[in-house]
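Please read the structure below before turning to the comments.
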Amino acid sequence: MQPEESLPPRWLEGFHVPMEDEQEQALIERLRRQDEAAFNALVRLYEQRVFRLVLRMLGDRAEAEDVAQEVFVTIFKSIGGFRGESKLSTWIYRIATNHCKNRVKYLDRRARGKKTELDELSEHGAVESASMSSSAQVSRPDEQAEANQIESIVRAAIAELDEEQRELVVLRDVENLSYEEIQQITGLVEGTVKSRLHRARLQLMKAVQKASEPRRKVRA
């Protein structure tokens, strides 16, 4: 029995390196043969994108780590059913978003009646700003701290969107997928994707503005 040939090094350079059609097909065929090296290569190629997606969808790092692992287990078990009607990456995103939707339903049931992360973050920001303004303006947060706070507000605001809005915002504005890819993942037509994404962006902007308002009032 001859040993498996090694995967081309360029496939392992990073998640951002796109594969040619021939390379992708070769990888798929090896995955279908349950080739462990091919699976490891797949993880190397997509683990950062998958984790980023599920983290944005779920808003919780521990949950995202669990779901990301589940996604790759599903990919490994289901690769035989992949018919190539979309890009491999699009199929992977569809699996990831479906896992996220299932986990969100579970988390929503568990979290009913609890204060939202966005409310807590907004209040925390107001308290933090008030304490800093009372220190006679001797010390102010540096630009990095301010950027981190804004990022936290945006991340929490995304988490507060409903499931469909969050999915569209993450796929388009975070992952920069094309409308065609989003259509394949969600099953929505392009016009519906664009109109719902527009409404989601408006709601996201309002949520960010609301969460940032206590900081602006204190500074004023």
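Order determines the names: the first chain of the structure tokens is A, the second B, and so forth; residues in each chain are numbered 1 upward, and ligands are numbered 1 upward as they are shown.
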Can you tell me, as a compact mmCIF listing (two decimals) with C-alpha atoms, in the first residue's frame, what residues are no more than 9 Å from A:Gln165 when counting only C-alpha atoms, ignoring any on the same chain fewer than 2 positions away?
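See out-v6.txt below for the written result:
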```txt
# COMPACT_ATOMS: atom_id res chain seq x y z
CA ILE A 158 -24.61 42.53 16.31
CA LEU A 161 -29.95 41.63 16.10
CA ASP A 162 -32.50 38.93 15.37
CA GLU A 163 -31.17 35.70 13.94
CA GLU A 167 -26.62 36.20 9.79
CA LEU A 168 -26.81 38.65 6.88
CA VAL A 169 -24.66 41.30 8.56
CA VAL A 170 -22.00 38.77 9.51
CA ARG A 196 -33.24 42.75 4.69
CA LEU A 197 -29.55 43.59 4.97
CA ARG A 199 -32.89 47.06 7.47
CA ALA A 200 -30.42 45.09 9.56
CA ARG A 201 -27.74 47.75 9.05
```
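Remark: for A:Arg30, the closest of the candidate residues A:Gln48, A:Ile79, A:Arg110, A:Leu53 is A:Ile79 (distances computed over only C-alpha atoms).
Using only C-alpha atoms, the nearest neighbour of A:Gln69 within the list A:Val43, A:Ala145, A:Leu107, A:Ala156 is A:Val43.
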For A:Val73, the nearest of the candidates A:Leu42, A:Val174, A:Leu55, A:Ile28, counting only C-alpha atoms = A:Leu42
